[in-house]
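A.B. asks: Attaching a single structure in structure tokens format; questions to follow.
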Amino acid sequence: MRRVAVLGGGPAGAHAAEKLASAGLDTLLIDEKLAWEKPCGGGITYKAYKQYPFLIENSTPKTVVSKTYLEAPGAGRACMDLTQPLLIYSRFELNKLLLGRAEAAGARIEKARVTEMRRTSRGWEIRTPSGSLDADFCVVATGARNPLRGAGTAWTASDTMVALGYWVPEQRSDIDIRFLKGLEGYIWVFPRPGHLSVGICGKGEPAAQLRLRLETYMDESGISRKQARFYAHMLPALDKNSWTSNRVSGDGWLAAGDAAGLVDPITGEGLYYAIRSGDLASQIILNEAHEPSAKPAAYRALLDRDFSRDLYLASLLARHVYLGKFLFDSVPARMVQFVRRSPRFRALMQDLFAGTQNYATLRDRLMRNLNGTLQEVLMSFFFRRLLPEGGG
Ligand SMILES: Cc1cc2nc3c(=O)[nH]c(=O)nc-3n(C[C@H](O)[C@H](O)[C@H](O)COP(=O)(O)OP(=O)(O)OC[C@H]3O[C@@H](n4cnc5c(N)ncnc54)[C@H](O)[C@@H]3O)c2cc1C
């Protein structure tokens with residue numbers, strides 16, 4: 001294989017292009033916008049920057065956040081220190097960083113809209129408004145709104161969330177997460193360098209209703225929309241029934257990032273999975289032990305072993321996390337109460353925020369710690385009654 005076309009230059013495409021070019025492949029990355037402020041929180045977990053240290057070891061502006069507030073109806077607000085800080089980037093800056101790395105590794109970068117990818121006897125013909133070019137193999141990384149309908153996830157109505165929000169010219173140092181009654185999703189306030197990203201994501205609710213919920217929250221929290229800019233985008237959140245048939249690869253192509261639906265269906269984290277899948281796609285393309293015809297199956301198997309099985313497990317839990325009940329109250333309310341009162345539960349949530357607690361072992365850890373957690377909650381409750389000034 002000589003020439004690879006990477007379609008889309010977000011985190012998935014840019015990282016795949018960097019890896020392919022640095023291994024010496026003739027790599028062409030095509031993106032219609034190149035670095036742009038993609039609607040996104042911009043949050044990067046510890047899991048991501050531990051595995052890809054260049055995400056933290058750089059001079060690109062970013063906010064390093066060490067404290068999160070969680071809030072749910074009927075449970076008030078709980079403060080949680082992040083044992084491993086979360087990084088928050090503007091997406092323009094993050095994309096610029098990743099595209100710069102791809103270019104420095106030798107990838108050719110072209111600003112154009114891909115209108116079609118057509119299979120030919122020699123490989124692929126990639127069409128753009130100004131002409132066409134040939135490639136032996138393609139990485140499809142055109143994001144959640146992937147217009148190349150023959151490749152990448154074929155979305156059903158239950159595979160996506162609406163995500164929308166405002167960039168607000170204000171400064172803060174902490175994160176706010178608010179759960180809402182009856183919503184399979186949440187509101188976030190992420191502090192970025194120079195502004196806040198304030199947004200909401202939700203499944204099964206119209207965008208207008210979500211926007212109303214968000215604006216009500218902003219009004220109640222004193223976050224002004226006067227000079228704020230609105231954004232909206234689609235967020236993959238694959239249904240549990242969609243993972244087995246998810247179209248992550250095919251004859252002559254591998255899909256990475258949002259174009260392959262690789263987002264945590266509970267948290268909406270997609271940046272790590274975009275970069276990771278770009279990395280895994282490049283490993284499969286570069287592995288000469290696989291014939292081109294064997295690469296699609298090899299990629300699917302590698303994704304499964306690496307993280308997509310865990311995302312599938314998340315999809316089994318997602319509804320329960322937001323809409324379920326535990327001990328006669330909503331799960332989000334219990335989460336907030338337990339974070340406030342139980343050090344064990346807080347440690348578990350800290351690991352979830354860091355990305356070091358996977359879904360495969362979450363249930364076991366919860367069950368193992370249930371007695372201790374409930375004891376801590378009760379102790380904290382009674383101590384607060386006895387010593388009100390010391391309670392959380
Ligand atoms: C509101 C919102 C908040 C989010 N917050 C977070 C967060 O805080 N943390 C987190 O981890 N994840 C978050 N996500 C998810 C994250 O944004 C995505 O998972 C991530 O951007 C996926 O990267 P990607 O490279 O696959 O796709 P994208 O970043 O969407 O990149 C796709 C690229 O393809 C290009 N493209 C598309 N079509 C064409 C075409 N026809 N021709 C040429 N180029 C094309 C686009 O210009 C774009 O640059 C959020 C998502 C949303 C919507």
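Here's how to read the names in the structure tokens: chain A, B, ... by the order shown, residue numbers from 1 in each chain, ligand numbers from 1 in the order shown.
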Would you mind listing, for every residue of chain A within 7 Å of ligand 1, the two atoms forming the shortest contact and the distance between them in Å to one decimal, using only C-alpha atoms and all ligand atoms, sorted by chain and ascending residue number, as a Markdown table?

C.D. replies:
```
| residue | atom | partner | partner_atom_place_in_ligand_line | distance |
| --- | --- | --- | --- | --- |
| A:Leu7 | CA | ligand 1 | 43 (C) | 5.9 |
| A:Gly8 | CA | ligand 1 | 34 (O) | 3.4 |
| A:Gly9 | CA | ligand 1 | 49 (O) | 4.8 |
| A:Gly10 | CA | ligand 1 | 31 (O) | 3.5 |
| A:Pro11 | CA | ligand 1 | 25 (O) | 3.9 |
| A:Ala12 | CA | ligand 1 | 25 (O) | 3.8 |
| A:Gly13 | CA | ligand 1 | 25 (O) | 5.6 |
| A:Ile30 | CA | ligand 1 | 43 (C) | 5.6 |
| A:Asp31 | CA | ligand 1 | 44 (N) | 3.5 |
| A:Glu32 | CA | ligand 1 | 43 (C) | 4.1 |
| A:Lys33 | CA | ligand 1 | 47 (O) | 4.6 |
| A:Leu34 | CA | ligand 1 | 49 (O) | 5.6 |
| A:Ala35 | CA | ligand 1 | 49 (O) | 6.8 |
| A:Trp36 | CA | ligand 1 | 49 (O) | 6.9 |
| A:Lys38 | CA | ligand 1 | 29 (O) | 6.5 |
| A:Pro39 | CA | ligand 1 | 1 (C) | 4.9 |
| A:Cys40 | CA | ligand 1 | 3 (C) | 3.2 |
| A:Gly41 | CA | ligand 1 | 8 (O) | 3.4 |
| A:Gly42 | CA | ligand 1 | 8 (O) | 4.1 |
| A:Gly43 | CA | ligand 1 | 8 (O) | 3.6 |
| A:Ile44 | CA | ligand 1 | 11 (O) | 5.6 |
| A:Ala112 | CA | ligand 1 | 43 (C) | 5.8 |
| A:Arg113 | CA | ligand 1 | 42 (N) | 3.6 |
| A:Val114 | CA | ligand 1 | 42 (N) | 3.7 |
| A:Thr115 | CA | ligand 1 | 41 (N) | 5.6 |
| A:Ala141 | CA | ligand 1 | 26 (O) | 5.4 |
| A:Thr142 | CA | ligand 1 | 34 (O) | 3.5 |
| A:Gly143 | CA | ligand 1 | 27 (O) | 3.6 |
| A:Ala144 | CA | ligand 1 | 30 (O) | 5.9 |
| A:Arg145 | CA | ligand 1 | 37 (C) | 6.6 |
| A:Asn146 | CA | ligand 1 | 38 (N) | 5.3 |
| A:Pro147 | CA | ligand 1 | 41 (N) | 5.7 |
| A:Leu148 | CA | ligand 1 | 41 (N) | 6.9 |
| A:Ala163 | CA | ligand 1 | 1 (C) | 4.5 |
| A:Leu164 | CA | ligand 1 | 1 (C) | 5.2 |
| A:Gly165 | CA | ligand 1 | 1 (C) | 6.7 |
| A:Gly199 | CA | ligand 1 | 1 (C) | 6.4 |
| A:Cys201 | CA | ligand 1 | 1 (C) | 7.0 |
| A:Ala232 | CA | ligand 1 | 1 (C) | 6.3 |
| A:His233 | CA | ligand 1 | 53 (C) | 4.6 |
| A:Met234 | CA | ligand 1 | 53 (C) | 5.2 |
| A:Leu235 | CA | ligand 1 | 53 (C) | 4.7 |
| A:Ala256 | CA | ligand 1 | 26 (O) | 6.1 |
| A:Gly257 | CA | ligand 1 | 26 (O) | 3.3 |
| A:Asp258 | CA | ligand 1 | 26 (O) | 3.9 |
| A:Ala259 | CA | ligand 1 | 26 (O) | 5.8 |
| A:Val263 | CA | ligand 1 | 19 (O) | 5.8 |
| A:Gly268 | CA | ligand 1 | 14 (N) | 5.7 |
| A:Glu269 | CA | ligand 1 | 11 (O) | 3.6 |
| A:Gly270 | CA | ligand 1 | 19 (O) | 3.1 |
| A:Leu271 | CA | ligand 1 | 11 (O) | 3.6 |
| A:Tyr272 | CA | ligand 1 | 11 (O) | 5.7 |
| A:Ala274 | CA | ligand 1 | 26 (O) | 4.9 |
```

A.B. asks: If we count only C-alpha atoms, what is near Leu55 (chain A) at a cut-off of 10 Å, once residues fewer than 5 positions away on the same chain are taken out, given as a list in words?

C.D. replies: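 Once the nearby chain positions are removed, what remains is Ile44, Thr45, Tyr46, Ala48, Tyr49, Lys50, Thr60, Lys62, Leu87, Tyr89, Leu94, Leu97 and Leu98 of chain A.
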
A.B. asks: Can you pull out the residues contacting Val331 (chain A)? Cut-off 12 Å, using only C-alpha atoms, and skip same-chain residues under 4 positions away; I want them as a PDB file with C-alpha atoms, in the first residue's frame.

C.D. replies:
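Written file, result16.pdb:
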```pdb
ATOM      1  CA  GLU A  71     -25.876  18.840  41.050  1.00  0.00           C
ATOM      2  CA  ALA A  72     -29.165  16.917  40.769  1.00  0.00           C
ATOM      3  CA  PRO A  73     -32.804  17.766  41.540  1.00  0.00           C
ATOM      4  CA  GLY A  74     -33.546  17.105  45.207  1.00  0.00           C
ATOM      5  CA  ALA A  75     -29.904  16.393  46.073  1.00  0.00           C
ATOM      6  CA  PHE A 179     -28.475  16.449  35.986  1.00  0.00           C
ATOM      7  CA  LEU A 180     -32.094  17.256  35.164  1.00  0.00           C
ATOM      8  CA  LYS A 181     -35.370  15.554  35.934  1.00  0.00           C
ATOM      9  CA  GLY A 182     -36.379  13.065  33.226  1.00  0.00           C
ATOM     10  CA  LEU A 183     -33.408  13.815  30.956  1.00  0.00           C
ATOM     11  CA  GLU A 184     -31.087  11.145  29.565  1.00  0.00           C
ATOM     12  CA  LEU A 317     -26.195   1.254  31.425  1.00  0.00           C
ATOM     13  CA  ALA A 318     -26.855   4.680  29.920  1.00  0.00           C
ATOM     14  CA  ARG A 319     -30.616   4.904  30.448  1.00  0.00           C
ATOM     15  CA  HIS A 320     -30.406   3.616  33.990  1.00  0.00           C
ATOM     16  CA  VAL A 321     -27.676   6.096  34.949  1.00  0.00           C
ATOM     17  CA  TYR A 322     -29.884   9.064  34.045  1.00  0.00           C
ATOM     18  CA  LEU A 323     -33.432   7.796  34.463  1.00  0.00           C
ATOM     19  CA  GLY A 324     -33.136   4.886  36.922  1.00  0.00           C
ATOM     20  CA  LYS A 325     -34.029   4.712  40.619  1.00  0.00           C
ATOM     21  CA  PHE A 326     -31.907   3.567  43.556  1.00  0.00           C
ATOM     22  CA  LEU A 327     -33.186   3.390  47.146  1.00  0.00           C
ATOM     23  CA  MET A 335     -24.794   9.893  42.959  1.00  0.00           C
ATOM     24  CA  VAL A 336     -24.633  13.478  44.183  1.00  0.00           C
ATOM     25  CA  GLN A 337     -25.558  12.515  47.768  1.00  0.00           C
ATOM     26  CA  PHE A 338     -23.019   9.675  47.823  1.00  0.00           C
TER      27      PHE A 338
END
```

A.B. asks: Using only C-alpha atoms, find the one residue out of A:Arg192, A:Arg276, A:Arg3, A:Lys47 that sits nearest to Phe92 (chain A).

C.D. replies: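 The answer is A:Arg192, which sits nearest to Phe92 (chain A).
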
A.B. asks: Can you list, as a PyMOL selection string, every protein, DNA or RNA residue that comes within 8 Å of Glu376 (chain A) when you count only C-alpha atoms, leaving out same-chain residues fewer than 5 positions away?

C.D. replies: chain A and resi 341-343

A.B. asks: Considering only C-alpha atoms, can you say which of A:Leu302, A:Val339, A:Leu366, A:Leu20 comes closest to Ala105 (chain A)?

C.D. replies: A:Leu20

A.B. asks: Quick check, in Å to one decimal: how far apart do CA of Ser197 (chain A) and CA of Glu170 (chain A) lie?

C.D. replies: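 About the pair CA of Ser197 (chain A) and CA of Glu170 (chain A): they are 9.5 Å apart.
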
A.B. asks: Of the residues A:Tyr312, A:Trp253, A:Phe54, A:Tyr166, which is the one nearest to Tyr299 (chain A), using only C-alpha atoms?

C.D. replies: A:Trp253

A.B. asks: Pick from A:Ser173, A:Thr27, A:Ser66, A:Thr160: nearest to Glu110 (chain A), with only C-alpha atoms counted?

C.D. replies: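 Ranked by minimum distance to Glu110 (chain A), first place goes to A:Thr27.
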
A.B. asks: If you run DSSP over the backbone, which residues in region 183-331 of chain A end up helix (DSSP H, G or I)? Put them as a PyMOL selection string.

C.D. replies: chain A and resi 207-221+257-260+271-286+292-323+331

A.B. asks: Quick one: residues within 8 Å of region 213-224 of chain A, only C-alpha atoms counted, chain neighbours fewer than 2 positions away excluded, as a PyMOL selection string?

C.D. replies: chain A and resi 165+168+187+199-200+209-211+226-228

A.B. asks: Since we have the selection now, will you write its residues out, keeping C-alpha atoms, as a PDB file, in the first residue's frame?

C.D. replies:
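To be explicit, this is the file written out as part-v8.pdb:
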```pdb
ATOM      1  CA  GLY A 165     -24.890  25.225  23.954  1.00  0.00           C
ATOM      2  CA  VAL A 168     -19.857  32.523  26.892  1.00  0.00           C
ATOM      3  CA  ILE A 187     -25.785  20.197  31.414  1.00  0.00           C
ATOM      4  CA  GLY A 199     -23.988  23.075  26.951  1.00  0.00           C
ATOM      5  CA  ILE A 200     -26.563  20.344  27.235  1.00  0.00           C
ATOM      6  CA  GLN A 209     -36.834  21.574  24.546  1.00  0.00           C
ATOM      7  CA  LEU A 210     -33.156  21.021  25.394  1.00  0.00           C
ATOM      8  CA  ARG A 211     -32.364  24.615  24.538  1.00  0.00           C
ATOM      9  CA  LYS A 226     -25.808  38.611  25.939  1.00  0.00           C
ATOM     10  CA  GLN A 227     -22.502  38.184  24.121  1.00  0.00           C
ATOM     11  CA  ALA A 228     -22.661  34.400  23.935  1.00  0.00           C
TER      12      ALA A 228
END
```

A.B. asks: Tell me, in Å to one decimal, how far CA of Gln84 (chain A) is from CA of His195 (chain A).

C.D. replies: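 Between CA of Gln84 (chain A) and CA of His195 (chain A) the gap works out to 22.3 Å.
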
A.B. asks: Could you state the separation of CA of Leu238 (chain A) and CA of Arg368 (chain A) in Å, given to one decimal place?

C.D. replies: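 Distance between the two atoms: 28.9 Å.
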
A.B. asks: Apply DSSP to the structure's backbone, then extract all residues of region 141-388 of chain A labelled strand (DSSP E or B) and return them as a PyMOL selection string.

C.D. replies: chain A and resi 160-168+175-178+184-192+195-203+229-236+249-250+253-255+325-326+329-330

A.B. asks: From the set A:Ser242, A:Arg225, A:Ser158, A:Asp176, which residue has the shortest atom-to-atom contact distance to Glu205 (chain A), counting only C-alpha atoms?

C.D. replies: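 Closest candidate: A:Ser158.
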